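Read through the structure below, which is laid out as structure tokens, and then see the notes.
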Amino acid sequence: LVATSRRAGNLVVGAGVSSAMPLTARASLFATHARSGSRRGPRLGKPVGLPATSGRAGAVRPHGVALLSSGAPGRRLTTGHLVVSGDIGGTNARFTLWEGTSAEDFQCVMKKSYLTEHYPEFIGCLKQFLADTETSELPQAVCIAAAGPVSDNACVMTNLKWTVSGQEIHDQLGISEGIVINDFEAVGYGVPCLTKDRLMTLNQGQYQEHMPRVCIGAGTGLGQALIVYVNDIEGFKVIPSEGGHATYAPRGDRQRDLQAWVEEKEKYCEIEHLLCGEGLKRILGFIQGQTSGDDEDLEPKQITERGLSGECDMCSEALDIFLESIGAEAGHMALRSLAYGGVYIAGGITQKLMRRVDEGV
């Protein structure tokens, strides 16, 4: 099963959580709950539409929680705990404020995105969000999913000059729990909760519920994670990865020439040099260098638009190489982990290219 969410923001439906919660934010909320004193973290259900296992629930239930506000602050909060989840990438910082008494009944109160380039430090961006909520109470916990390796509850981000630190959240804001996890660790915790309507199946396999799963996704960088089943009490555990920095493995003469071209410029060709927004620009730059004529400097959005429309043959070829390469890397991950539980392709770029996939790349 190779699939990608086709809904904006990788939306998921889970037991007791709003279907409007972004996948990374929802997983961050789970992590916050599990590390803030609850003996048992929230139990992640199995995807709807897959074979049920005897003695276990056969589906994840939507709870029907509605979005209370998508930007209109000022609501008085007195009935439950407050939790902030955040998804920090190289371009955008997305925060959500939740209220509830347990993992089963948290409701979204407010969500807002900020451009990271407007803030020299992470803590200033978080302070801005808390000010924008206009609530008189501090959240009990903040859990941040950050794009980069996490060590000692802190992340020095890979594609942004920010350090996201749980200790800093506690010290500077007086919040009891500050928790930092890898962004694709958060995505991984959301994968077992994806419902059938959130997936587009590319290659149908023989699904085995308790076998490993992997997920991969391209955006500002390339994220990867391994998802393994522990037991019925603990559910799934996500093992984050920095596999995007492994060496790119080309297929065919064209990709081998591309690899050599990148190595000449960067001294090394890793997977993320090609499978991200800037990577799409590199691929087009290589094609332009091999072809006389137009060498216009295009942004990833322009490459995508012109490639999908058929307006630019070189842009179309760049999209094809990008999709062939991310498909190959997804296959490598499946082989390394025996991912009979599924290979899931997430990330913002691939979703935008599904029309090209449908055409049979």
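In the structure tokens, each chain is lettered A, B, ... as it comes, each chain's residues begin at 1, and ligands are numbered from 1 in order of appearance.
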Apply DSSP to the structure's backbone, then extract all residues of stretch 154-336 of chain A labelled helix (DSSP H, G or I) and return them as a short mmCIF file (atom, residue, chain, number, x, y, z; two decimals) with N, CA and C atoms, in the first residue's frame.
```cif
data_model
loop_
_atom_site.label_atom_id
_atom_site.label_comp_id
_atom_site.auth_asym_id
_atom_site.auth_seq_id
_atom_site.Cartn_x
_atom_site.Cartn_y
_atom_site.Cartn_z
N GLY A 166 12.39 22.60 24.44
CA GLY A 166 11.34 22.42 25.45
C GLY A 166 11.69 23.11 26.76
N GLN A 167 12.97 23.09 27.11
CA GLN A 167 13.40 23.76 28.34
C GLN A 167 13.19 25.27 28.24
N GLU A 168 13.45 25.83 27.08
CA GLU A 168 13.25 27.27 26.88
C GLU A 168 11.77 27.63 26.98
N ILE A 169 10.90 26.78 26.46
CA ILE A 169 9.46 27.00 26.59
C ILE A 169 9.07 27.08 28.06
N HIS A 170 9.62 26.16 28.86
CA HIS A 170 9.34 26.14 30.29
C HIS A 170 9.93 27.37 30.99
N ASP A 171 11.19 27.67 30.72
CA ASP A 171 11.88 28.73 31.45
C ASP A 171 11.37 30.12 31.09
N GLN A 172 11.14 30.38 29.82
CA GLN A 172 10.77 31.73 29.40
C GLN A 172 9.28 32.02 29.50
N LEU A 173 8.47 30.99 29.40
CA LEU A 173 7.03 31.22 29.38
C LEU A 173 6.33 30.70 30.63
N ASP A 183 9.45 16.43 13.28
CA ASP A 183 8.21 16.65 12.55
C ASP A 183 7.67 15.38 11.90
N PHE A 184 8.56 14.51 11.41
CA PHE A 184 8.05 13.29 10.82
C PHE A 184 7.75 12.21 11.86
N GLU A 185 8.24 12.37 13.06
CA GLU A 185 7.75 11.54 14.17
C GLU A 185 6.27 11.85 14.38
N ALA A 186 5.93 13.13 14.32
CA ALA A 186 4.52 13.52 14.46
C ALA A 186 3.68 12.96 13.33
N VAL A 187 4.17 13.07 12.10
CA VAL A 187 3.44 12.50 10.97
C VAL A 187 3.23 11.00 11.17
N GLY A 188 4.28 10.33 11.66
CA GLY A 188 4.18 8.89 11.87
C GLY A 188 3.11 8.51 12.86
N TYR A 189 2.95 9.30 13.92
CA TYR A 189 1.91 8.99 14.89
C TYR A 189 0.51 9.20 14.31
N GLY A 190 0.41 10.02 13.28
CA GLY A 190 -0.88 10.21 12.64
C GLY A 190 -1.23 9.13 11.64
N VAL A 191 -0.23 8.46 11.07
CA VAL A 191 -0.48 7.47 10.02
C VAL A 191 -1.44 6.37 10.45
N PRO A 192 -1.30 5.76 11.66
CA PRO A 192 -2.24 4.69 12.03
C PRO A 192 -3.68 5.16 12.17
N CYS A 193 -3.90 6.47 12.21
CA CYS A 193 -5.25 7.00 12.36
C CYS A 193 -5.87 7.44 11.04
N LYS A 196 -9.78 5.62 5.34
CA LYS A 196 -9.71 5.24 3.93
C LYS A 196 -9.92 6.43 3.00
N ASP A 197 -10.81 7.35 3.40
CA ASP A 197 -11.10 8.49 2.54
C ASP A 197 -9.97 9.52 2.53
N ARG A 198 -8.96 9.34 3.41
CA ARG A 198 -7.81 10.24 3.42
C ARG A 198 -6.64 9.70 2.60
N GLY A 243 17.07 10.02 7.21
CA GLY A 243 17.44 9.29 6.00
C GLY A 243 17.49 10.16 4.76
N GLY A 244 16.88 11.34 4.80
CA GLY A 244 16.92 12.23 3.66
C GLY A 244 18.32 12.72 3.33
N HIS A 245 19.23 12.58 4.31
CA HIS A 245 20.61 13.01 4.09
C HIS A 245 21.52 11.86 3.63
N GLY A 252 19.21 4.73 -13.98
CA GLY A 252 19.32 5.09 -15.39
C GLY A 252 20.34 6.19 -15.63
N ASP A 253 20.70 6.35 -16.91
CA ASP A 253 21.76 7.29 -17.28
C ASP A 253 21.38 8.73 -16.96
N ARG A 254 20.13 9.11 -17.17
CA ARG A 254 19.71 10.49 -16.93
C ARG A 254 19.91 10.86 -15.47
N GLN A 255 19.47 10.00 -14.57
CA GLN A 255 19.62 10.29 -13.14
C GLN A 255 21.08 10.21 -12.70
N ARG A 256 21.86 9.34 -13.33
CA ARG A 256 23.29 9.30 -13.00
C ARG A 256 23.99 10.59 -13.41
N ASP A 257 23.60 11.14 -14.54
CA ASP A 257 24.14 12.42 -14.97
C ASP A 257 23.71 13.53 -14.01
N LEU A 258 22.48 13.46 -13.55
CA LEU A 258 21.97 14.43 -12.58
C LEU A 258 22.78 14.37 -11.29
N GLN A 259 23.03 13.15 -10.80
CA GLN A 259 23.82 12.98 -9.59
C GLN A 259 25.21 13.59 -9.75
N ALA A 260 25.86 13.33 -10.88
CA ALA A 260 27.20 13.86 -11.13
C ALA A 260 27.18 15.39 -11.18
N TRP A 261 26.12 15.95 -11.75
CA TRP A 261 25.98 17.41 -11.85
C TRP A 261 25.85 18.04 -10.46
N VAL A 262 25.04 17.40 -9.59
CA VAL A 262 24.88 17.91 -8.22
C VAL A 262 26.19 17.77 -7.44
N GLU A 263 26.87 16.64 -7.61
CA GLU A 263 28.14 16.43 -6.91
C GLU A 263 29.18 17.47 -7.30
N GLU A 264 29.17 17.85 -8.56
CA GLU A 264 30.12 18.86 -9.02
C GLU A 264 29.88 20.20 -8.34
N LYS A 265 28.60 20.50 -8.06
CA LYS A 265 28.26 21.78 -7.44
C LYS A 265 28.29 21.72 -5.92
N GLU A 266 27.87 20.60 -5.33
CA GLU A 266 27.70 20.50 -3.88
C GLU A 266 28.76 19.61 -3.22
N ILE A 271 19.90 12.61 -0.93
CA ILE A 271 18.52 12.51 -1.42
C ILE A 271 17.81 13.86 -1.32
N GLU A 272 18.02 14.56 -0.19
CA GLU A 272 17.32 15.83 0.02
C GLU A 272 17.80 16.93 -0.92
N HIS A 273 18.96 16.76 -1.54
CA HIS A 273 19.39 17.74 -2.54
C HIS A 273 18.42 17.79 -3.72
N GLY A 277 11.66 21.29 -2.13
CA GLY A 277 11.36 22.41 -3.01
C GLY A 277 12.57 22.90 -3.78
N GLU A 278 13.68 23.12 -3.07
CA GLU A 278 14.90 23.55 -3.74
C GLU A 278 15.44 22.45 -4.64
N GLY A 279 15.18 21.20 -4.27
CA GLY A 279 15.62 20.08 -5.11
C GLY A 279 14.94 20.08 -6.47
N LEU A 280 13.67 20.46 -6.49
CA LEU A 280 12.96 20.55 -7.76
C LEU A 280 13.61 21.61 -8.65
N LYS A 281 14.06 22.71 -8.04
CA LYS A 281 14.78 23.73 -8.80
C LYS A 281 16.11 23.19 -9.32
N ARG A 282 16.80 22.38 -8.51
CA ARG A 282 18.07 21.79 -8.96
C ARG A 282 17.85 20.88 -10.16
N ILE A 283 16.80 20.08 -10.10
CA ILE A 283 16.53 19.15 -11.20
C ILE A 283 16.29 19.94 -12.49
N LEU A 284 15.48 21.00 -12.39
CA LEU A 284 15.23 21.82 -13.58
C LEU A 284 16.52 22.48 -14.06
N GLY A 285 17.35 22.96 -13.12
CA GLY A 285 18.62 23.57 -13.51
C GLY A 285 19.50 22.61 -14.28
N PHE A 286 19.52 21.36 -13.86
CA PHE A 286 20.29 20.33 -14.57
C PHE A 286 19.75 20.15 -15.98
N ILE A 287 18.44 20.03 -16.12
CA ILE A 287 17.83 19.82 -17.44
C ILE A 287 18.12 21.01 -18.35
N GLN A 288 18.01 22.22 -17.80
CA GLN A 288 18.29 23.41 -18.59
C GLN A 288 19.74 23.44 -19.05
N GLY A 289 20.64 22.96 -18.18
CA GLY A 289 22.06 22.93 -18.53
C GLY A 289 22.38 21.95 -19.64
N GLN A 290 21.50 20.93 -19.80
CA GLN A 290 21.71 19.92 -20.84
C GLN A 290 21.02 20.29 -22.14
N PRO A 300 9.72 26.67 -7.26
CA PRO A 300 9.05 25.36 -7.30
C PRO A 300 7.58 25.44 -7.71
N LYS A 301 6.86 26.45 -7.23
CA LYS A 301 5.44 26.58 -7.59
C LYS A 301 5.28 26.79 -9.08
N GLN A 302 6.16 27.60 -9.68
CA GLN A 302 6.09 27.85 -11.12
C GLN A 302 6.45 26.60 -11.92
N ILE A 303 7.44 25.87 -11.45
CA ILE A 303 7.83 24.62 -12.12
C ILE A 303 6.65 23.65 -12.13
N THR A 304 6.00 23.55 -10.96
CA THR A 304 4.86 22.64 -10.83
C THR A 304 3.73 23.05 -11.77
N GLU A 305 3.39 24.33 -11.76
CA GLU A 305 2.28 24.80 -12.59
C GLU A 305 2.56 24.59 -14.07
N ARG A 306 3.77 24.95 -14.51
CA ARG A 306 4.09 24.82 -15.93
C ARG A 306 4.26 23.36 -16.34
N GLY A 307 4.77 22.55 -15.42
CA GLY A 307 4.93 21.14 -15.73
C GLY A 307 3.61 20.41 -15.83
N LEU A 308 2.69 20.72 -14.93
CA LEU A 308 1.39 20.06 -14.93
C LEU A 308 0.53 20.49 -16.12
N SER A 309 0.67 21.75 -16.51
CA SER A 309 -0.14 22.27 -17.62
C SER A 309 0.40 21.83 -18.98
N ASP A 313 8.10 21.72 -21.38
CA ASP A 313 8.53 20.32 -21.42
C ASP A 313 9.62 20.04 -20.37
N MET A 314 10.52 21.00 -20.17
CA MET A 314 11.59 20.79 -19.19
C MET A 314 11.01 20.72 -17.77
N CYS A 315 9.99 21.53 -17.48
CA CYS A 315 9.35 21.46 -16.17
C CYS A 315 8.65 20.12 -15.99
N SER A 316 8.02 19.63 -17.05
CA SER A 316 7.36 18.32 -16.97
C SER A 316 8.37 17.21 -16.70
N GLU A 317 9.53 17.29 -17.37
CA GLU A 317 10.57 16.28 -17.12
C GLU A 317 11.09 16.38 -15.69
N ALA A 318 11.23 17.61 -15.18
CA ALA A 318 11.69 17.78 -13.80
C ALA A 318 10.71 17.14 -12.82
N LEU A 319 9.42 17.31 -13.06
CA LEU A 319 8.41 16.67 -12.19
C LEU A 319 8.52 15.15 -12.26
N ASP A 320 8.74 14.64 -13.46
CA ASP A 320 8.83 13.18 -13.62
C ASP A 320 10.04 12.62 -12.87
N ILE A 321 11.19 13.28 -13.00
CA ILE A 321 12.38 12.82 -12.28
C ILE A 321 12.15 12.89 -10.78
N PHE A 322 11.50 13.96 -10.33
CA PHE A 322 11.21 14.11 -8.91
C PHE A 322 10.34 12.95 -8.43
N LEU A 323 9.27 12.66 -9.14
CA LEU A 323 8.35 11.60 -8.72
C LEU A 323 8.99 10.22 -8.82
N GLU A 324 9.76 9.98 -9.87
CA GLU A 324 10.46 8.70 -10.00
C GLU A 324 11.43 8.50 -8.83
N SER A 325 12.08 9.59 -8.42
CA SER A 325 13.09 9.49 -7.35
C SER A 325 12.44 9.27 -6.00
N ILE A 326 11.33 9.96 -5.72
CA ILE A 326 10.69 9.76 -4.42
C ILE A 326 10.02 8.39 -4.37
N GLY A 327 9.54 7.91 -5.52
CA GLY A 327 9.00 6.55 -5.56
C GLY A 327 10.07 5.51 -5.31
N ALA A 328 11.26 5.73 -5.88
CA ALA A 328 12.36 4.80 -5.66
C ALA A 328 12.78 4.79 -4.19
N GLU A 329 12.87 5.96 -3.58
CA GLU A 329 13.27 6.03 -2.17
C GLU A 329 12.21 5.40 -1.28
N ALA A 330 10.94 5.57 -1.61
CA ALA A 330 9.88 4.90 -0.85
C ALA A 330 10.04 3.38 -0.94
N GLY A 331 10.41 2.89 -2.12
CA GLY A 331 10.66 1.45 -2.28
C GLY A 331 11.85 0.98 -1.47
N HIS A 332 12.91 1.79 -1.42
CA HIS A 332 14.07 1.44 -0.60
C HIS A 332 13.68 1.31 0.87
N MET A 333 12.87 2.26 1.35
CA MET A 333 12.43 2.22 2.75
C MET A 333 11.62 0.95 3.02
N ALA A 334 10.77 0.58 2.08
CA ALA A 334 9.95 -0.62 2.25
C ALA A 334 10.81 -1.87 2.37
N LEU A 335 11.82 -1.97 1.53
CA LEU A 335 12.70 -3.13 1.56
C LEU A 335 13.50 -3.20 2.85
N ARG A 336 14.01 -2.06 3.32
CA ARG A 336 14.85 -2.05 4.51
C ARG A 336 14.07 -2.43 5.76
#
```
Neighbour list for A:Val150 as a ChimeraX atom specification, cut-off 10 Å, only C-alpha atoms, skip fewer than 5 positions in-chain
/A:145,155-157,164-165,180-183,240
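Separating atom CA of A:Ala141 from atom CA of A:Val83 is a distance of 5.1 Å.
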Applying 7 Å and only C-alpha atoms, which residues near A:Cys215 remain after dropping the ones on its own chain fewer than 4 positions away? List them as an mmCIF file with N, CA and C atoms, in the first residue's frame.
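Once written, out.cif looks like this:
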```cif
data_model
loop_
_atom_site.group_PDB
_atom_site.id
_atom_site.type_symbol
_atom_site.label_atom_id
_atom_site.label_comp_id
_atom_site.auth_asym_id
_atom_site.auth_seq_id
_atom_site.Cartn_x
_atom_site.Cartn_y
_atom_site.Cartn_z
ATOM 1 N N GLY A 188 4.277 10.331 11.656
ATOM 2 C CA GLY A 188 4.184 8.891 11.872
ATOM 3 C C GLY A 188 3.110 8.507 12.861
ATOM 4 N N GLN A 224 11.470 11.438 6.839
ATOM 5 C CA GLN A 224 11.241 9.996 6.832
ATOM 6 C C GLN A 224 11.026 9.510 8.261
ATOM 7 N N ALA A 225 10.256 8.440 8.414
ATOM 8 C CA ALA A 225 10.067 7.841 9.734
ATOM 9 C C ALA A 225 9.647 6.383 9.585
ATOM 10 N N LEU A 226 9.978 5.597 10.593
ATOM 11 C CA LEU A 226 9.591 4.188 10.685
ATOM 12 C C LEU A 226 8.576 4.048 11.811
ATOM 13 N N VAL A 343 3.463 1.765 2.982
ATOM 14 C CA VAL A 343 4.393 2.859 2.713
ATOM 15 C C VAL A 343 3.543 4.082 2.414
ATOM 16 N N TYR A 344 3.721 5.137 3.191
ATOM 17 C CA TYR A 344 2.852 6.307 3.097
ATOM 18 C C TYR A 344 3.665 7.521 2.653
ATOM 19 N N ILE A 345 3.220 8.143 1.566
ATOM 20 C CA ILE A 345 3.894 9.334 1.050
ATOM 21 C C ILE A 345 3.079 10.547 1.466
ATOM 22 N N ALA A 346 3.684 11.379 2.297
ATOM 23 C CA ALA A 346 3.010 12.581 2.797
ATOM 24 C C ALA A 346 3.721 13.802 2.221
#
```
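Atom CA of A:Leu97 is positioned 10.6 Å from atom CA of A:Leu138.
Going from atom CA of A:Thr133 over to atom CA of A:Asp152, you cover 28.9 Å.
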Excluding same-chain residues fewer than 4 positions from A:Tyr119, what lies within 12 Å of it counting only C-alpha atoms, as a ChimeraX atom specification?
/A:91-93,114-115,123-129,160-162
Which one is closest to A:Gly86: A:Trp98, A:Cys143, A:Ser241, A:Ala131? Count only C-alpha atoms.
A:Cys143
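Distance check against A:Lys111 using only C-alpha atoms: of A:Val357, A:Tyr229, A:Leu130, A:Cys276, the minimum falls on A:Leu130.
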Assign secondary structure with DSSP using the backbone only, and return the residues of stretch 83-215 of chain A in strand (DSSP E) as a ChimeraX atom specification.
/A:83-88,92-100,107-115,141-146,150-151,154-156,163-165,177-182,200-203,213-215
